[in-house]
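Trainee: Just one file: entry_39.cif, with mmCIF, N, CA and C atoms.
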```
data_work
loop_
_atom_site.label_atom_id
_atom_site.label_comp_id
_atom_site.auth_asym_id
_atom_site.auth_seq_id
_atom_site.Cartn_x
_atom_site.Cartn_y
_atom_site.Cartn_z
N MET A 1 3.20 -2.31 8.43
CA MET A 1 2.16 -1.75 7.60
C MET A 1 0.91 -1.54 8.45
N LYS A 2 0.26 -0.44 8.18
CA LYS A 2 -1.03 -0.17 8.80
C LYS A 2 -2.04 0.01 7.69
N VAL A 3 -3.21 -0.54 7.90
CA VAL A 3 -4.28 -0.44 6.90
C VAL A 3 -5.50 0.17 7.57
N LYS A 4 -6.03 1.19 6.96
CA LYS A 4 -7.24 1.83 7.47
C LYS A 4 -8.33 1.64 6.42
N ILE A 5 -9.39 0.99 6.84
CA ILE A 5 -10.51 0.71 5.95
C ILE A 5 -11.70 1.54 6.42
N GLU A 6 -12.15 2.41 5.55
CA GLU A 6 -13.32 3.22 5.84
C GLU A 6 -14.29 3.07 4.69
N ASN A 7 -15.46 3.64 4.85
CA ASN A 7 -16.45 3.60 3.79
C ASN A 7 -15.87 4.20 2.51
N LYS A 8 -15.73 3.38 1.49
CA LYS A 8 -15.25 3.78 0.17
C LYS A 8 -13.81 4.28 0.15
N SER A 9 -12.99 3.91 1.15
CA SER A 9 -11.58 4.30 1.09
C SER A 9 -10.69 3.28 1.80
N LEU A 10 -9.53 3.09 1.20
CA LEU A 10 -8.48 2.24 1.77
C LEU A 10 -7.22 3.09 1.90
N ARG A 11 -6.58 3.06 3.08
CA ARG A 11 -5.34 3.79 3.27
C ARG A 11 -4.29 2.82 3.79
N PHE A 12 -3.21 2.70 3.04
CA PHE A 12 -2.10 1.85 3.42
C PHE A 12 -0.95 2.75 3.86
N LYS A 13 -0.44 2.53 5.05
CA LYS A 13 0.69 3.31 5.55
C LYS A 13 1.82 2.34 5.85
N ILE A 14 2.94 2.51 5.13
CA ILE A 14 4.07 1.60 5.29
C ILE A 14 5.25 2.31 5.94
N THR A 15 6.19 1.52 6.42
CA THR A 15 7.41 2.08 6.99
C THR A 15 8.44 2.31 5.89
N GLU A 16 9.45 3.05 6.22
CA GLU A 16 10.55 3.28 5.28
C GLU A 16 11.20 1.95 4.90
N GLU A 17 11.33 1.04 5.86
CA GLU A 17 11.92 -0.27 5.60
C GLU A 17 11.05 -1.08 4.62
N GLU A 18 9.74 -0.98 4.78
CA GLU A 18 8.84 -1.68 3.86
C GLU A 18 8.93 -1.07 2.45
N LEU A 19 9.14 0.24 2.36
CA LEU A 19 9.34 0.87 1.06
C LEU A 19 10.58 0.29 0.38
N ILE A 20 11.62 0.08 1.13
CA ILE A 20 12.85 -0.51 0.58
C ILE A 20 12.58 -1.91 0.03
N VAL A 21 11.80 -2.70 0.77
CA VAL A 21 11.43 -4.05 0.31
C VAL A 21 10.67 -3.96 -1.02
N LEU A 22 9.72 -3.02 -1.11
CA LEU A 22 8.97 -2.83 -2.36
C LEU A 22 9.89 -2.39 -3.49
N MET A 23 10.84 -1.51 -3.19
CA MET A 23 11.79 -1.04 -4.21
C MET A 23 12.62 -2.19 -4.76
N GLU A 24 12.85 -3.20 -3.93
CA GLU A 24 13.61 -4.38 -4.37
C GLU A 24 12.75 -5.35 -5.16
N GLY A 25 11.46 -5.03 -5.32
CA GLY A 25 10.56 -5.85 -6.12
C GLY A 25 9.86 -6.95 -5.35
N HIS A 26 9.93 -6.91 -4.01
CA HIS A 26 9.30 -7.94 -3.18
C HIS A 26 8.00 -7.42 -2.58
N CYS A 27 7.11 -8.34 -2.27
CA CYS A 27 5.83 -8.01 -1.63
C CYS A 27 6.01 -7.72 -0.15
N VAL A 28 5.12 -6.91 0.37
CA VAL A 28 5.01 -6.66 1.81
C VAL A 28 3.64 -7.17 2.21
N HIS A 29 3.58 -7.90 3.33
CA HIS A 29 2.27 -8.42 3.74
C HIS A 29 2.09 -8.34 5.25
N GLU A 30 0.83 -8.39 5.63
CA GLU A 30 0.43 -8.32 7.05
C GLU A 30 -0.78 -9.23 7.21
N GLU A 31 -0.79 -10.02 8.27
CA GLU A 31 -1.95 -10.86 8.58
C GLU A 31 -2.70 -10.25 9.75
N ILE A 32 -4.00 -10.12 9.58
CA ILE A 32 -4.86 -9.56 10.62
C ILE A 32 -5.92 -10.60 10.96
N VAL A 33 -5.94 -11.04 12.20
CA VAL A 33 -6.92 -12.03 12.63
C VAL A 33 -8.13 -11.29 13.21
N ILE A 34 -9.29 -11.61 12.66
CA ILE A 34 -10.55 -11.02 13.11
C ILE A 34 -11.47 -12.18 13.46
N MET A 35 -11.65 -12.37 14.76
CA MET A 35 -12.44 -13.49 15.28
C MET A 35 -11.85 -14.79 14.74
N ASP A 36 -12.59 -15.57 13.97
CA ASP A 36 -12.06 -16.84 13.47
C ASP A 36 -11.63 -16.74 12.00
N LYS A 37 -11.48 -15.53 11.49
CA LYS A 37 -11.09 -15.30 10.09
C LYS A 37 -9.75 -14.56 10.04
N THR A 38 -9.07 -14.69 8.93
CA THR A 38 -7.80 -14.00 8.74
C THR A 38 -7.88 -13.14 7.49
N LEU A 39 -7.48 -11.88 7.63
CA LEU A 39 -7.36 -10.97 6.50
C LEU A 39 -5.87 -10.83 6.22
N ILE A 40 -5.47 -11.21 5.02
CA ILE A 40 -4.08 -11.09 4.62
C ILE A 40 -3.98 -9.93 3.64
N VAL A 41 -3.23 -8.91 4.04
CA VAL A 41 -3.06 -7.72 3.24
C VAL A 41 -1.70 -7.81 2.55
N VAL A 42 -1.70 -7.66 1.23
CA VAL A 42 -0.46 -7.77 0.45
C VAL A 42 -0.31 -6.53 -0.42
N ILE A 43 0.88 -5.93 -0.38
CA ILE A 43 1.22 -4.88 -1.35
C ILE A 43 2.21 -5.51 -2.31
N ASN A 44 1.82 -5.58 -3.57
CA ASN A 44 2.60 -6.25 -4.60
C ASN A 44 3.13 -5.22 -5.59
N PRO A 45 4.47 -5.04 -5.65
CA PRO A 45 5.05 -4.03 -6.54
C PRO A 45 5.24 -4.51 -7.98
N GLN A 46 4.58 -5.58 -8.35
CA GLN A 46 4.75 -6.11 -9.70
C GLN A 46 3.46 -6.02 -10.50
N GLY A 47 2.68 -4.98 -10.20
CA GLY A 47 1.44 -4.76 -10.94
C GLY A 47 1.71 -4.32 -12.36
N ARG A 48 0.73 -4.44 -13.19
CA ARG A 48 0.85 -4.04 -14.60
C ARG A 48 0.12 -2.72 -14.80
N GLY A 49 0.39 -2.09 -15.90
CA GLY A 49 -0.30 -0.84 -16.20
C GLY A 49 0.39 0.34 -15.54
N THR A 50 -0.39 1.40 -15.34
CA THR A 50 0.19 2.65 -14.82
C THR A 50 -0.37 3.06 -13.47
N GLY A 51 -1.40 2.37 -13.00
CA GLY A 51 -2.05 2.81 -11.77
C GLY A 51 -2.04 1.76 -10.67
N ILE A 52 -2.61 2.17 -9.55
CA ILE A 52 -2.75 1.31 -8.39
C ILE A 52 -4.09 0.58 -8.51
N GLU A 53 -4.10 -0.68 -8.14
CA GLU A 53 -5.32 -1.48 -8.23
C GLU A 53 -5.47 -2.30 -6.96
N ALA A 54 -6.67 -2.37 -6.42
CA ALA A 54 -6.96 -3.20 -5.25
C ALA A 54 -7.86 -4.35 -5.65
N ARG A 55 -7.58 -5.51 -5.08
CA ARG A 55 -8.41 -6.69 -5.34
C ARG A 55 -8.68 -7.38 -4.01
N LEU A 56 -9.88 -7.88 -3.87
CA LEU A 56 -10.26 -8.63 -2.68
C LEU A 56 -10.63 -10.03 -3.12
N VAL A 57 -9.95 -11.02 -2.56
CA VAL A 57 -10.23 -12.42 -2.86
C VAL A 57 -10.63 -13.09 -1.56
N GLN A 58 -11.78 -13.76 -1.57
CA GLN A 58 -12.28 -14.38 -0.34
C GLN A 58 -12.25 -15.89 -0.43
N ASP A 59 -11.91 -16.49 0.69
CA ASP A 59 -11.90 -17.94 0.85
C ASP A 59 -12.78 -18.23 2.06
N LYS A 60 -12.93 -19.48 2.40
CA LYS A 60 -13.79 -19.83 3.53
C LYS A 60 -13.33 -19.19 4.84
N ASN A 61 -12.03 -19.28 5.15
CA ASN A 61 -11.51 -18.76 6.42
C ASN A 61 -10.57 -17.58 6.26
N GLU A 62 -10.27 -17.21 5.01
CA GLU A 62 -9.33 -16.12 4.77
C GLU A 62 -9.87 -15.19 3.69
N ALA A 63 -9.41 -13.96 3.77
CA ALA A 63 -9.65 -12.99 2.71
C ALA A 63 -8.30 -12.34 2.40
N TYR A 64 -8.06 -12.10 1.13
CA TYR A 64 -6.82 -11.48 0.70
C TYR A 64 -7.14 -10.12 0.10
N LEU A 65 -6.54 -9.09 0.67
CA LEU A 65 -6.66 -7.75 0.13
C LEU A 65 -5.33 -7.44 -0.54
N ASN A 66 -5.35 -7.43 -1.86
CA ASN A 66 -4.12 -7.23 -2.64
C ASN A 66 -4.09 -5.83 -3.22
N LEU A 67 -3.01 -5.12 -2.96
CA LEU A 67 -2.77 -3.82 -3.57
C LEU A 67 -1.68 -4.02 -4.60
N LEU A 68 -2.04 -3.86 -5.86
CA LEU A 68 -1.09 -4.05 -6.96
C LEU A 68 -0.66 -2.69 -7.48
N LEU A 69 0.65 -2.50 -7.61
CA LEU A 69 1.14 -1.27 -8.19
C LEU A 69 2.37 -1.56 -9.03
N PRO A 70 2.51 -0.86 -10.14
CA PRO A 70 3.69 -1.07 -10.97
C PRO A 70 4.94 -0.48 -10.32
N ALA A 71 6.08 -0.96 -10.74
CA ALA A 71 7.36 -0.48 -10.19
C ALA A 71 7.49 1.03 -10.33
N SER A 72 6.91 1.60 -11.38
CA SER A 72 6.99 3.06 -11.57
C SER A 72 6.31 3.82 -10.43
N LYS A 73 5.22 3.26 -9.90
CA LYS A 73 4.53 3.90 -8.78
C LYS A 73 5.34 3.78 -7.48
N VAL A 74 6.02 2.65 -7.32
CA VAL A 74 6.89 2.49 -6.14
C VAL A 74 8.01 3.53 -6.22
N GLN A 75 8.57 3.70 -7.41
CA GLN A 75 9.63 4.70 -7.60
C GLN A 75 9.10 6.11 -7.34
N GLU A 76 7.89 6.39 -7.80
CA GLU A 76 7.27 7.70 -7.56
C GLU A 76 7.10 7.96 -6.07
N LEU A 77 6.66 6.95 -5.33
CA LEU A 77 6.51 7.09 -3.89
C LEU A 77 7.86 7.35 -3.23
N SER A 78 8.88 6.64 -3.67
CA SER A 78 10.22 6.83 -3.13
C SER A 78 10.76 8.23 -3.44
N ASP A 79 10.52 8.69 -4.66
CA ASP A 79 11.02 10.00 -5.10
C ASP A 79 10.36 11.16 -4.36
N MET A 80 9.19 10.92 -3.75
CA MET A 80 8.51 11.98 -3.00
C MET A 80 9.30 12.41 -1.77
N GLY A 81 10.18 11.54 -1.31
CA GLY A 81 10.88 11.86 -0.07
C GLY A 81 9.90 11.85 1.07
N ARG A 82 10.27 12.54 2.12
CA ARG A 82 9.40 12.60 3.30
C ARG A 82 8.21 13.50 3.01
N SER A 83 7.04 12.89 2.86
CA SER A 83 5.84 13.62 2.48
C SER A 83 4.60 12.90 3.00
N ARG A 84 3.64 13.66 3.44
CA ARG A 84 2.38 13.06 3.89
C ARG A 84 1.44 12.76 2.72
N ALA A 85 1.73 13.28 1.55
CA ALA A 85 0.83 13.15 0.41
C ALA A 85 0.65 11.71 -0.03
N GLY A 86 1.72 11.00 -0.29
CA GLY A 86 1.62 9.63 -0.76
C GLY A 86 1.01 9.54 -2.15
N LEU A 87 0.71 8.33 -2.56
CA LEU A 87 0.08 8.07 -3.85
C LEU A 87 -1.42 7.93 -3.63
N GLN A 88 -2.19 8.47 -4.55
CA GLN A 88 -3.64 8.34 -4.45
C GLN A 88 -4.20 7.89 -5.79
N GLN A 89 -5.20 7.05 -5.72
CA GLN A 89 -5.82 6.51 -6.93
C GLN A 89 -7.31 6.34 -6.65
N GLN A 90 -8.13 6.70 -7.60
CA GLN A 90 -9.56 6.45 -7.52
C GLN A 90 -9.84 5.22 -8.37
N MET A 91 -10.48 4.23 -7.78
CA MET A 91 -10.81 2.99 -8.50
C MET A 91 -12.29 2.74 -8.33
N GLU A 92 -13.04 2.92 -9.41
CA GLU A 92 -14.50 2.83 -9.36
C GLU A 92 -15.00 3.75 -8.25
N ASN A 93 -15.62 3.22 -7.21
CA ASN A 93 -16.12 4.08 -6.12
C ASN A 93 -15.25 3.96 -4.88
N LEU A 94 -13.96 3.63 -5.06
CA LEU A 94 -13.03 3.40 -3.96
C LEU A 94 -11.82 4.31 -4.09
N SER A 95 -11.51 5.03 -3.02
CA SER A 95 -10.32 5.87 -2.98
C SER A 95 -9.19 5.07 -2.30
N ILE A 96 -8.04 4.98 -2.95
CA ILE A 96 -6.90 4.21 -2.43
C ILE A 96 -5.74 5.16 -2.20
N THR A 97 -5.11 5.08 -1.03
CA THR A 97 -3.95 5.89 -0.71
C THR A 97 -2.85 4.98 -0.18
N LEU A 98 -1.62 5.23 -0.63
CA LEU A 98 -0.44 4.53 -0.14
C LEU A 98 0.56 5.59 0.30
N GLN A 99 0.94 5.54 1.59
CA GLN A 99 1.84 6.54 2.17
C GLN A 99 2.98 5.85 2.91
N VAL A 100 4.08 6.58 3.05
CA VAL A 100 5.14 6.17 3.95
C VAL A 100 4.92 6.95 5.24
N ASP A 101 4.93 6.26 6.37
CA ASP A 101 4.69 6.88 7.68
C ASP A 101 5.80 7.90 7.96
N VAL A 102 5.45 9.18 7.97
CA VAL A 102 6.46 10.23 8.13
C VAL A 102 7.05 10.29 9.54
N ARG A 103 6.37 9.72 10.51
CA ARG A 103 6.88 9.77 11.88
C ARG A 103 8.20 9.03 12.05
N ALA A 104 8.42 8.00 11.23
CA ALA A 104 9.66 7.23 11.34
C ALA A 104 10.44 7.24 10.03
N ASP A 105 10.21 8.25 9.21
CA ASP A 105 10.84 8.34 7.89
C ASP A 105 12.07 9.23 7.99
N SER A 106 13.23 8.67 7.72
CA SER A 106 14.47 9.44 7.82
C SER A 106 14.82 10.16 6.52
N ARG A 107 14.04 9.92 5.47
CA ARG A 107 14.34 10.57 4.19
C ARG A 107 14.05 12.07 4.28
N LYS A 108 14.71 12.82 3.46
CA LYS A 108 14.52 14.27 3.44
C LYS A 108 13.29 14.63 2.65
N ALA A 109 12.66 15.73 3.06
CA ALA A 109 11.52 16.25 2.31
C ALA A 109 12.03 16.79 0.98
N VAL A 110 11.26 16.59 -0.07
CA VAL A 110 11.61 17.08 -1.39
C VAL A 110 10.87 18.39 -1.63
N ALA A 111 11.60 19.43 -1.99
CA ALA A 111 10.95 20.73 -2.27
C ALA A 111 10.13 20.62 -3.54
N ARG A 112 8.94 21.16 -3.50
CA ARG A 112 8.04 21.11 -4.67
C ARG A 112 7.86 22.50 -5.23
#
```
How does this structure look as structure tokens?
Mentor:
Amino acid sequence: MKVKIENKSLRFKITEEELIVLMEGHCVHEEIVIMDKTLIVVINPQGRGTGIEARLVQDKNEAYLNLLLPASKVQELSDMGRSRAGLQQQMENLSITLQVDVRADSRKAVAR
């Protein structure tokens, strides 16, 4: 998983293998060490509702960036096939994108 954090935007780029893990209902996570702190990024496919939601939880030495999405959104991402578009969601003043990295994606492109 790759995470790009910019002003007012979060972009999550996962591998095809990580998409399979999400399709099975399991979380995907990545730990990023920044100086003496750890950022733990989690994509959780067991979110409620219809949209993507991001949450940031901070502890003394760790911060957790949780991306929650319902199984229907994971299925939607899978059904896109090989596509750069991915899923996009606006949350308050934050733009969130979840994509499968097309450079290593063996799935076929879906005609639109």
Trainee: Find the residues near segment 4-6 of chain A: any atom within 10 Å, counting only C-alpha atoms, skip ones fewer than 3 places away on the same chain, and give them as an MDAnalysis selection string.
Mentor: chainID A and resid 9:13 94:97
Trainee: Extending 3 Å beyond the listed atoms of segment 31-40 of chain A on each side, what axis-aligned box results? I want centre and edge lengths in Å to one decimal, as lines of an AutoDock Vina configuration file.
Mentor:
```
center_x = -6.7
center_y = -13.2
center_z = 9.5
size_x = 17.8
size_y = 13.3
size_z = 17.6
```
Trainee: Quick check on the file I pasted: which residues fall under the PyMOL selection byres ((chain A and resi 74-79) around 8)? Write them as a PDB file with N, CA and C atoms, in the frame of the given file.
Mentor:
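For reference, result00.pdb as written:
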```pdb
ATOM      1  N   LEU A  19       9.140   0.240   2.360  1.00  0.00           N
ATOM      2  CA  LEU A  19       9.340   0.870   1.060  1.00  0.00           C
ATOM      3  C   LEU A  19      10.580   0.290   0.380  1.00  0.00           C
ATOM      4  N   LEU A  22       9.720  -3.020  -1.110  1.00  0.00           N
ATOM      5  CA  LEU A  22       8.970  -2.830  -2.360  1.00  0.00           C
ATOM      6  C   LEU A  22       9.890  -2.390  -3.490  1.00  0.00           C
ATOM      7  N   MET A  23      10.840  -1.510  -3.190  1.00  0.00           N
ATOM      8  CA  MET A  23      11.790  -1.040  -4.210  1.00  0.00           C
ATOM      9  C   MET A  23      12.620  -2.190  -4.760  1.00  0.00           C
ATOM     10  N   PRO A  45       4.470  -5.040  -5.650  1.00  0.00           N
ATOM     11  CA  PRO A  45       5.050  -4.030  -6.540  1.00  0.00           C
ATOM     12  C   PRO A  45       5.240  -4.510  -7.980  1.00  0.00           C
ATOM     13  N   LEU A  69       0.650  -2.500  -7.610  1.00  0.00           N
ATOM     14  CA  LEU A  69       1.140  -1.270  -8.190  1.00  0.00           C
ATOM     15  C   LEU A  69       2.370  -1.560  -9.030  1.00  0.00           C
ATOM     16  N   PRO A  70       2.510  -0.860 -10.140  1.00  0.00           N
ATOM     17  CA  PRO A  70       3.690  -1.070 -10.970  1.00  0.00           C
ATOM     18  C   PRO A  70       4.940  -0.480 -10.320  1.00  0.00           C
ATOM     19  N   ALA A  71       6.080  -0.960 -10.740  1.00  0.00           N
ATOM     20  CA  ALA A  71       7.360  -0.480 -10.190  1.00  0.00           C
ATOM     21  C   ALA A  71       7.490   1.030 -10.330  1.00  0.00           C
ATOM     22  N   SER A  72       6.910   1.600 -11.380  1.00  0.00           N
ATOM     23  CA  SER A  72       6.990   3.060 -11.570  1.00  0.00           C
ATOM     24  C   SER A  72       6.310   3.820 -10.430  1.00  0.00           C
ATOM     25  N   LYS A  73       5.220   3.260  -9.900  1.00  0.00           N
ATOM     26  CA  LYS A  73       4.530   3.900  -8.780  1.00  0.00           C
ATOM     27  C   LYS A  73       5.340   3.780  -7.480  1.00  0.00           C
ATOM     28  N   MET A  80       9.190  10.920  -3.750  1.00  0.00           N
ATOM     29  CA  MET A  80       8.510  11.980  -3.000  1.00  0.00           C
ATOM     30  C   MET A  80       9.300  12.410  -1.770  1.00  0.00           C
ATOM     31  N   GLY A  81      10.180  11.540  -1.310  1.00  0.00           N
ATOM     32  CA  GLY A  81      10.880  11.860  -0.070  1.00  0.00           C
ATOM     33  C   GLY A  81       9.900  11.850   1.070  1.00  0.00           C
ATOM     34  N   ARG A  82      10.270  12.540   2.120  1.00  0.00           N
ATOM     35  CA  ARG A  82       9.400  12.600   3.300  1.00  0.00           C
ATOM     36  C   ARG A  82       8.210  13.500   3.010  1.00  0.00           C
ATOM     37  N   GLY A  86       1.720  11.000  -0.290  1.00  0.00           N
ATOM     38  CA  GLY A  86       1.620   9.630  -0.760  1.00  0.00           C
ATOM     39  C   GLY A  86       1.010   9.540  -2.150  1.00  0.00           C
ATOM     40  N   LEU A  87       0.710   8.330  -2.560  1.00  0.00           N
ATOM     41  CA  LEU A  87       0.080   8.070  -3.850  1.00  0.00           C
ATOM     42  C   LEU A  87      -1.420   7.930  -3.630  1.00  0.00           C
ATOM     43  N   LEU A  98      -1.620   5.230  -0.630  1.00  0.00           N
ATOM     44  CA  LEU A  98      -0.440   4.530  -0.140  1.00  0.00           C
ATOM     45  C   LEU A  98       0.560   5.590   0.300  1.00  0.00           C
ATOM     46  N   GLN A  99       0.940   5.540   1.590  1.00  0.00           N
ATOM     47  CA  GLN A  99       1.840   6.540   2.170  1.00  0.00           C
ATOM     48  C   GLN A  99       2.980   5.850   2.910  1.00  0.00           C
ATOM     49  N   VAL A 100       4.080   6.580   3.050  1.00  0.00           N
ATOM     50  CA  VAL A 100       5.140   6.170   3.950  1.00  0.00           C
ATOM     51  C   VAL A 100       4.920   6.950   5.240  1.00  0.00           C
ATOM     52  N   ALA A 109      12.660  15.730   3.060  1.00  0.00           N
ATOM     53  CA  ALA A 109      11.520  16.250   2.310  1.00  0.00           C
ATOM     54  C   ALA A 109      12.030  16.790   0.980  1.00  0.00           C
ATOM     55  N   VAL A 110      11.260  16.590  -0.070  1.00  0.00           N
ATOM     56  CA  VAL A 110      11.610  17.080  -1.390  1.00  0.00           C
ATOM     57  C   VAL A 110      10.870  18.390  -1.630  1.00  0.00           C
TER      58      VAL A 110
END
```
Trainee: Among segment 7-100 of chain A, which ones does DSSP place in strand (DSSP E or B), written as JSON, numbers by chain?
Mentor: {"A": [9, 10, 11, 12, 13, 14, 28, 29, 30, 31, 32, 33, 34, 37, 38, 39, 40, 41, 42, 43, 44, 53, 54, 55, 56, 57, 58, 62, 63, 64, 65, 66, 67, 68, 81, 87, 88, 89, 90, 91, 94, 95, 96, 97, 98, 99, 100]}
Trainee: Applied to this file, what does the PyMOL selection byres (((chain A and resi 104 and name CA) around 12) and name CA) return in terms of residues, put as a PyMOL selection string?
Mentor: chain A and resi 13-18+82-84+100-103+105-108
Trainee: Could you check how far atom N of Gly25 of chain A sits from atom CA of Glu62 of chain A, in Å to one decimal?
Mentor: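 Distance between the two atoms: 25.6 Å.
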Trainee: In Å to one decimal, how far is atom CA of Glu30 of chain A from atom C of Met1 of chain A?
Mentor: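 Value for the atom C of Met1 of chain A-atom CA of Glu30 of chain A distance: 6.9 Å.
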